[in-house]
Structures are given as C-alpha cells and as structure tokens.
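Data block below; observations after.
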Amino acid sequence: MSTENTPVASNFIRNIIDEDLASGKHRSIVTRFPPEPNGYLHVGHVKAICINFGLAEDYQGSCNLRMDDTNPEKESDEYVQAIKEGVAWLGFKWNGEVRYASDYFDRLYDYAVELIRAGKAYVDDLTAEEIRQHRGTLTEPGRESPYRSRSPEENLDLFTRMRDGEFPDGSKTLRLKIDMASGNLNLRDPVIYRIRRAHHHRTGDKWCIYPMYDYTHCISDAIEGVTHSLCSLEFEDHRPLYDWVLDNISIECHPRQYEFSRLELLYAITSKRKLNRLVTEGYVSGWDDPRMPTVAGMRRRGYTPSGLRLFAQRIGVSKSENIIDMSVLEGAVREELESGSPRIMAVLDPIRVTLTNFEAGLTASRSAPYHPHHPEFGEREVPIAREIYIERDDFAEVPPPKWQRLTPGGEVRLRYSYVIRCDEVVKDANGKVVELKCSIDHDTLGKNPEGRKVKGVIHWISAQHAVEAEVRLYDRLFTEPRPDAVRGEDGEYTDFVRFLNPGSLQVVTGYVEPVALELPPEARYQFERIGYFVTDRHDHQPGRKVVFNRTVGLKDSFGK
C-alpha cells in the first residue's frame with residue numbers, strides 16, 4: 001500500500017486553513033517545524049513533521065525547518081545534523097536554508113529593549129527559587145517582585161550591563177510585566193532572558209544572555225512570516241503569551257497558534273531527557289540503536305519513510321488523546337514492507353539435514369521469484385546440496401495436534417524444491433537433536449507426489465552455499481505500556497529503566513542465501529516465514545560481513 005494513493009482525511013487544522021484561504025486572509029500558507037537541537041528526532045516528532053510539512057505540500061505552501069537553539073548547554077551540531085538528516089530521510093524538503101533562532105538574537109534583543117522602554121519588561125534580582133515562590137498557584141495569585149517598579153531607564157541600564165557580562169550567571173533576569181494575578185500562570189511576569197555563560201554552537205561566546213523559548217518562538221514565527229503555527233497541546237496555555245508578545249512589539253506579522261494532541265506511543269518513551277539517559281548510561285548503544293523510538297533508530301531497524309508517514313496518517317490529527325499501541329506503528333511498517341521487500345530464505349536456529357539419496361547431476365536446483373506479486377523483481381537460483389539446514393522449530397519428535405512440518409517418518413516439502421522424508425534422528429550425548437537423515441522423492445520437483453498429500457512446506461538453506469550472517473533480533477525496549485508512568489506503593493513514580501525488556505535484543509548466527517553477501521547496507525528483505533529484516537546501516541559490509549537487523553515479524557507476536 002502506498003500513502004500517495006490514500007485519501008486525505010479532513011481535520012480541524014485543514015478546516016481552518018481552508019477557511020483562511022477561502023476568505024482571503026492568506027494567499028498561501030507557511031508552516032514551520034521548530035525542534036530544539038538537544039537530542040535526536042523521535043516518533044513524536046514524526047507526527048509533527050508529517051503535519052507541518054505535509055500540510056505545506058498539500059496546499060502548495062512552504063515549511064521552514066528552524067532550530068530553536070536558545071539553550072546552548074544542551075545543544076550541539078551533532079543534533080542539528082541528525083535533525084536535518086531525519087527530516088530529509090522522511091522525504092520532506094524545507095523552504096530555503098535551515099533557519100536558527102540564533103539568527104534572530106540581535107532582533108530579539110532589540111525587541112526586548114523596545115518592551116523595556118515601553119514599561120512592559122523589567123530586570124529582576126530575585127533568584128529562580130524566589131521567582132517560583134512569588135509565582136503563586138492555580139488557586140492563589142502571585143506576588144509582585146519588589147523590583148517590578150524599576151524605571152524604564154534603570155531597567156535598560158541593567159539589561160545592557162547584563163548583555164555586557166557585568167553580572168554573575170543567574171543573578172538577574174528580564175521579565176515581562178503582564179499580570180501576577182492572572183489565572184494563567186504563563187502570564188505571571190514570565191522570564192524572557194537569563195544570564196548564562198555558555199558557549200553557543202553557532203554564536204560562540206558573543207552572548208552571555210539567552211532568550212527563553214516562549215519569547216523566542218513567537219517572534220521567530222513572525223519574522224519568518226509563518227501563517228499557521230502548529231504545535232502540540234501542552235502549549236495551549238502558552239498561546240495567550242504568544243499573542244501578548246506579538247501584540248506588544250512593533251512587528252507586522254502575527255501568526256496564529258493552533259494545538260493538536262501529542263503522540264503517546266505505548267511501550268516507548270518520547271522524552272528526550274529520558275532517551276538521553278538511556279544513551280549516556282549505556283542501556284542502548286546510541287541514539288540510533290534500533291530499539292530506540294528515534295528516527296535514526298527506526299531507520300536503522302529497517303522502518304521505511306513511507307511506513308512512518310502511513311502511521312502518522314492513520315493516527316490522525318485532533319485535540320483528543322492520541323494514545324497509540326506499538327502494534328499500530330508496526331502494522332503500518334509491515335504493510336509497506338510487504339509490497340516492497342524481495343524474499344529470500346534464511347535459517348536462524350539450524351538443524352543439519354543430510355539428504356541421503358542426493359545425487360549430483362540428478363538432484364536439481366530451481367529458480368525462485370524474489371516476490372510472488374512482483375515479477376519485475378526478478379528471480380534467483382536456489383541451490384541444493386547433500387547437506388542443508390532447516391529451522392529447529394520445523395522438526396518435532398512428538399508433534400502437537402495439527403502439526404504440518406517434519407517428524408520422524410513424516411514428509412514435508414522444501415520450499416521451491418523436493419518433498420523429503422525423515423528417516424533417522426541423530427542426537428548428541430545430551431539427547432539434543434543434531435542431525436536428521438532424510439530421503440528425497442526425486443519425482444516431486446515442481447509437482448505433487450503421486451498417491452498422497454504433503455501439506456507442510458518449510459524453508460531451508462543449502463549448507464554448501466549458505467552465507468553466515470550475524471542476525472540481531474530486536475523486540476520492544478520496554479515490558480510496560482507506559483514505562484515512565486508506573487507508581488510504586490509509596491505513590492512515587494518508579495524509575496522507568498526497571499521496565500527495560502531483557503529480551504529486547506538477541507544476537508544469533510544464522511544462514512542466508514548467497515545473494516545476501518553482496519547486498520548494500522539498508523537493503524530490506526523478507527526472510528520467508530520469519531519476518532522482515534534489513535542489512536545494518538553501519539556494520540554490514542558487502543562481500544565481507546553480513547549483518548541483518550529484524551525490523552518486524554510477519555505478524556504481531558509481542559508477549560506471546
């Protein structure tokens with residue numbers, strides 16, 4: 001299934017855009033995707049990316065990619081590059097060059113000066129803790145700072161000296177003068193600048209004061225001519241501050257903010273702080289570990305851009321809770337892989353089978369299609385030899401009811417090859433089955449045996465032609481649906497790392513068809529009867545080392 005041919009569902013944001021265009025309020029739309037470069041993109045960002053870039057595409061508008069880089073202590077060029085790479089890999093193009101909030105630091109400073117001169121901002125000497133104490137609660141109004149009545153001239157002098165590095169970090173802030181009794185805590189004189197001597201990844205040491213997100217974000221939108229500022233629902237209470245800032249500075253453009261529900265994916269976490277902890281404390285191999293819900297991790301696991309876009313389309317856009325089970329994501333990925341992935345055979349837990357009546361020159365190989373519904377994918381030769389491997393799970397000495405695979409004295413068809421009968425079971429000193437001796441019915445190549453039915457079909461690999469592969473079997477990273485929302489008996493949240501799935505990664509040595517040796521990195525294939533796999537983006541070396549990652553099984557089997 002291709003997302004390109006799927007009808008676009010209407011939603012409240014599309015309705016707003018339709019009305020704005022029909023009324024002439026806007027001739028075209030401009031959106032933006034504004035991540036903070038303090039971590040890698042994750043599955044929650046995929047939803048926001050598909051909304052912002054997708055709407056711009058559908059309405060022939062434009063979407064800016066802007067790094068909201070106002071917190072230099074946590075930001076880096078590594079994250080910037082990962083964000084750019086992630087958006088491009090998902091198939092979207094941003095308008096012009098990548099933009100940065102730091103591009104606007106001079107203008108943001110000038111607007112702050114304008115607010116000070118208008119008596120709408122003041123320099124405060126309260127500490128961060130004192131500001132919190134003065135802020136009040138949802139039921140109690142805040143208290144005004146004793147420094148709130150400073151004159152514009154004094155505030156401008158102090159703010160200039162803040163910029164020039166005269167005061168220690170954290171000793172002063174610049175706050176908006178709005179309403180300490182407001183029912184919306186975001187309007188109780190929010191801090192818009194703080195002193196922080198930190199090296200910035202783009203501006204270096206030019207600044208020792210940095211603007212806060214709420215102040216920076218709305219002005220950046222306005223500078224860029226954004227028409228529809230789309231963000232997740234937790235910013236709904238911030239919208240009055242967004243509007244207040246733009247209403248009180250001399251800027252012509254006034255974007256409108258609209259909020260949609262954020263994605264909550266079960267069996268995953270989407271907090272960059274918590275994801276960073278998994279990386280720094282070594283619970284995963286990095287931001288691109290295939291178990292991570294990051295774009296880089298999902299890419300390395302073998303998810304496709306079209307599968308992620310299909311997922312985003314299916315979960316929709318609304319203001320209601322968007323709690324989605326992991327199976328929905330995996331189902332969308334599986335659906336996209338089914339049509340586009342060639343098939344090969346692989347054996348991951350092998351038993352050696354000796355074909356006792358194999359005859360060179362008589363026992364023949366066959367070609368097989370790479371995909372049953374896509375002849376354009378071509379075919380390959382599936383060689384056979386005296387010794388082959390089959391999956392251990394495809395043999396049972398004492399078969400359960402309705403068993404249709406191999407048993408002592410039973411028959412089964414080898415995929416694309418002959419019917420074989422198990423004549424002898426060989427075990428080691430511990431009683432483990434180490435070899436099966438089987439005979440071939442040479443009259444069954446490409447046709448059914450005469451006088452009997454053989455229902456079972458199993459996959460296999462010629463031992464002589466098999467290519468050894470490192471196969472990484474990935475599963476869900478957590479055993480709990482909401483790992484960071486579990487409370488203990490004391491009512492406190494349990495540390496989410498306690499719910500890491502110990503079986504989230506198993507590494508096995510398997511055997512695959514010879515074609516795998518020459519595959520490039522990021523080649524997606526279905527292992528017949530097993531699941532979808534991808535050659536590892538970094539560790540797979542064509543012609544030298546074969547490394548496959550399991551993307552997703554043929555069906556959802558988590559917890560079974």
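Just so we're on the same page: first chain in the structure tokens is A, next is B, and so on; residues restart at 1 for each chain, and ligands are numbered from 1 in the order they show up.
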
Next item on the list: Pull the alpha helix (DSSP H) assignments for segment 294-481 of chain A out of DSSP run on the backbone, and list those residues as JSON, numbers by chain.
Entry: {"A": [295, 296, 297, 298, 299, 300, 301, 305, 306, 307, 308, 309, 310, 311, 312, 313, 314, 315, 326, 327, 328, 329, 330, 331, 332, 333, 334, 335, 336, 337, 338, 339, 340]}

Check: When DSSP works through the backbone of this structure, what residues of segment 190-254 of chain A end up as strand (DSSP E), shown as a PyMOL selection string?
Finding: chain A and resi 191-195+209-211+228-232

Notebook entry, point to check: Arg300 of chain A: which residues within 12 Å, counting only C-alpha atoms, same-chain residues fewer than 3 positions away excluded, as a ChimeraX atom specification?
Noted result: /A:86,89,286-297,303-305,472,474,521-524,533-540,547-551

Next item on the list: Excluding Thr160 of chain A and residues on its chain fewer than 4 positions from it, collect all residues at most 12 Å away from it, counting only C-alpha atoms, and give them as a PyMOL selection string.
Entry: chain A and resi 109-110+112-113+116+123+153-156+164-167+172-174+193+195+207-209

Given the selection you just returned, output its residues as a file containing N, CA and C atoms, formatted as an mmCIF file, in the first residue's frame.
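Printed below is selection_19.cif as written:
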```
data_model
loop_
_atom_site.group_PDB
_atom_site.id
_atom_site.type_symbol
_atom_site.label_atom_id
_atom_site.label_comp_id
_atom_site.auth_asym_id
_atom_site.auth_seq_id
_atom_site.Cartn_x
_atom_site.Cartn_y
_atom_site.Cartn_z
ATOM 1 N N TYR A 109 16.936 40.815 20.944
ATOM 2 C CA TYR A 109 17.439 41.768 21.937
ATOM 3 C C TYR A 109 16.810 43.146 21.718
ATOM 4 N N ASP A 110 16.727 43.574 20.464
ATOM 5 C CA ASP A 110 16.143 44.884 20.172
ATOM 6 C C ASP A 110 14.672 44.951 20.589
ATOM 7 N N ALA A 112 13.367 43.247 23.011
ATOM 8 C CA ALA A 112 13.373 43.313 24.474
ATOM 9 C C ALA A 112 13.610 44.746 24.947
ATOM 10 N N VAL A 113 14.524 45.442 24.280
ATOM 11 C CA VAL A 113 14.767 46.855 24.607
ATOM 12 C C VAL A 113 13.495 47.668 24.376
ATOM 13 N N ILE A 116 11.187 47.111 27.246
ATOM 14 C CA ILE A 116 11.665 47.819 28.445
ATOM 15 C C ILE A 116 11.305 49.297 28.366
ATOM 16 N N VAL A 123 14.000 44.295 34.766
ATOM 17 C CA VAL A 123 15.074 43.439 35.256
ATOM 18 C C VAL A 123 14.769 43.081 36.703
ATOM 19 N N GLU A 153 14.395 53.499 32.472
ATOM 20 C CA GLU A 153 15.799 53.886 32.314
ATOM 21 C C GLU A 153 16.715 52.951 33.114
ATOM 22 N N GLU A 154 16.303 52.656 34.358
ATOM 23 C CA GLU A 154 17.121 51.755 35.191
ATOM 24 C C GLU A 154 17.131 50.343 34.593
ATOM 25 N N ASN A 155 15.980 49.899 34.132
ATOM 26 C CA ASN A 155 15.908 48.567 33.547
ATOM 27 C C ASN A 155 16.774 48.461 32.291
ATOM 28 N N LEU A 156 16.752 49.495 31.463
ATOM 29 C CA LEU A 156 17.550 49.475 30.244
ATOM 30 C C LEU A 156 19.038 49.450 30.575
ATOM 31 N N ASP A 164 26.469 42.837 28.617
ATOM 32 C CA ASP A 164 27.903 43.093 28.568
ATOM 33 C C ASP A 164 28.685 42.226 29.556
ATOM 34 N N GLY A 165 27.997 41.357 30.278
ATOM 35 C CA GLY A 165 28.684 40.405 31.148
ATOM 36 C C GLY A 165 29.086 40.938 32.502
ATOM 37 N N GLU A 166 28.407 41.961 32.984
ATOM 38 C CA GLU A 166 28.807 42.564 34.251
ATOM 39 C C GLU A 166 28.345 41.765 35.466
ATOM 40 N N PHE A 167 27.277 40.953 35.307
ATOM 41 C CA PHE A 167 26.677 40.270 36.457
ATOM 42 C C PHE A 167 26.879 38.754 36.364
ATOM 43 N N LYS A 172 20.409 37.859 37.686
ATOM 44 C CA LYS A 172 19.346 38.739 37.222
ATOM 45 C C LYS A 172 18.632 38.091 36.045
ATOM 46 N N THR A 173 17.382 38.465 35.847
ATOM 47 C CA THR A 173 16.606 38.032 34.691
ATOM 48 C C THR A 173 15.848 39.228 34.150
ATOM 49 N N LEU A 174 15.402 39.100 32.910
ATOM 50 C CA LEU A 174 14.479 40.077 32.348
ATOM 51 C C LEU A 174 13.110 39.423 32.290
ATOM 52 N N TYR A 193 14.630 36.530 29.526
ATOM 53 C CA TYR A 193 16.087 36.462 29.344
ATOM 54 C C TYR A 193 16.719 36.039 30.657
ATOM 55 N N ILE A 195 20.847 35.130 32.412
ATOM 56 C CA ILE A 195 22.301 35.211 32.235
ATOM 57 C C ILE A 195 22.861 33.791 32.282
ATOM 58 N N TRP A 207 27.307 36.019 23.178
ATOM 59 C CA TRP A 207 26.246 36.355 24.132
ATOM 60 C C TRP A 207 26.477 35.637 25.462
ATOM 61 N N CYS A 208 26.149 36.346 26.529
ATOM 62 C CA CYS A 208 26.097 35.691 27.846
ATOM 63 C C CYS A 208 24.687 35.765 28.410
ATOM 64 N N ILE A 209 23.756 36.331 27.621
ATOM 65 C CA ILE A 209 22.333 36.277 27.960
ATOM 66 C C ILE A 209 21.620 35.574 26.813
#
```

Using only C-alpha atoms, find each residue of segment 150-236 of chain A with at least one atom at most 12 Å away from an atom of segment 319-334 of chain A; report its shortest atom-to-atom pair and that distance in Å (one decimal), sort the rows by chain and rising residue number, and return the result as JSON lines.
```
{"residue": "A:Cys231", "atom": "CA", "partner": "A:Lys319", "partner_atom": "CA", "distance": 11.1}
{"residue": "A:Ser232", "atom": "CA", "partner": "A:Lys319", "partner_atom": "CA", "distance": 8.9}
{"residue": "A:Leu233", "atom": "CA", "partner": "A:Lys319", "partner_atom": "CA", "distance": 7.1}
{"residue": "A:Glu234", "atom": "CA", "partner": "A:Lys319", "partner_atom": "CA", "distance": 10.6}
{"residue": "A:Glu236", "atom": "CA", "partner": "A:Lys319", "partner_atom": "CA", "distance": 10.4}
```

Check: Hey, can you check how far atom CA of His254 of chain A sits from atom CA of Val226 of chain A?
Finding: 8.2 Å

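With only C-alpha atoms as the atoms that count, the minimum distance from Ala198 of chain A to the choices A:Lys25, A:Lys74, A:Arg392, A:Lys272 is reached by A:Lys74.
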
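Residues in contact with Glu252 of chain A at up to 10 Å, not including ones fewer than 4 positions away on its chain and judged by only C-alpha atoms, are Ala222, Ile223, Gly225, Leu246 and Asp247 of chain A.
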
Checklist line | Residue neighbourhood segment 478-492 of chain A, 6 Å, only C-alpha atoms, exclusion window fewer than 3 positions, as a ChimeraX atom specification | finding: /A:266-267,496,499-501

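What separates atom CA of Gln526 of chain A from atom CA of Glu376 of chain A is a distance of 16.5 Å.
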
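Atom CA of Gly446 of chain A is positioned 21.1 Å from atom CA of Phe377 of chain A.
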
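The smallest atom-to-atom distance between Arg107 of chain A and any of A:Met212, A:Lys177, A:Ile219, A:Glu75, using only C-alpha atoms, is found for A:Ile219.
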
Note to self: Need the shell around segment 403-418 of chain A: protein/DNA/RNA residues with any atom at most 6 Å away, counting only C-alpha atoms. Skip same-chain ones fewer than 5 positions apart. Format as a list in words?
What the structure shows: Asp394, Phe395, Ala396, Glu397, Asp423, Thr444, Leu445, Gly456, Val457, Ile458 and His459 of chain A

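Compared by their closest atoms to Val507 of chain A, and using only C-alpha atoms, the residues A:Glu470, A:Asp556, A:Glu435, A:Glu57 rank with A:Glu470 nearest.
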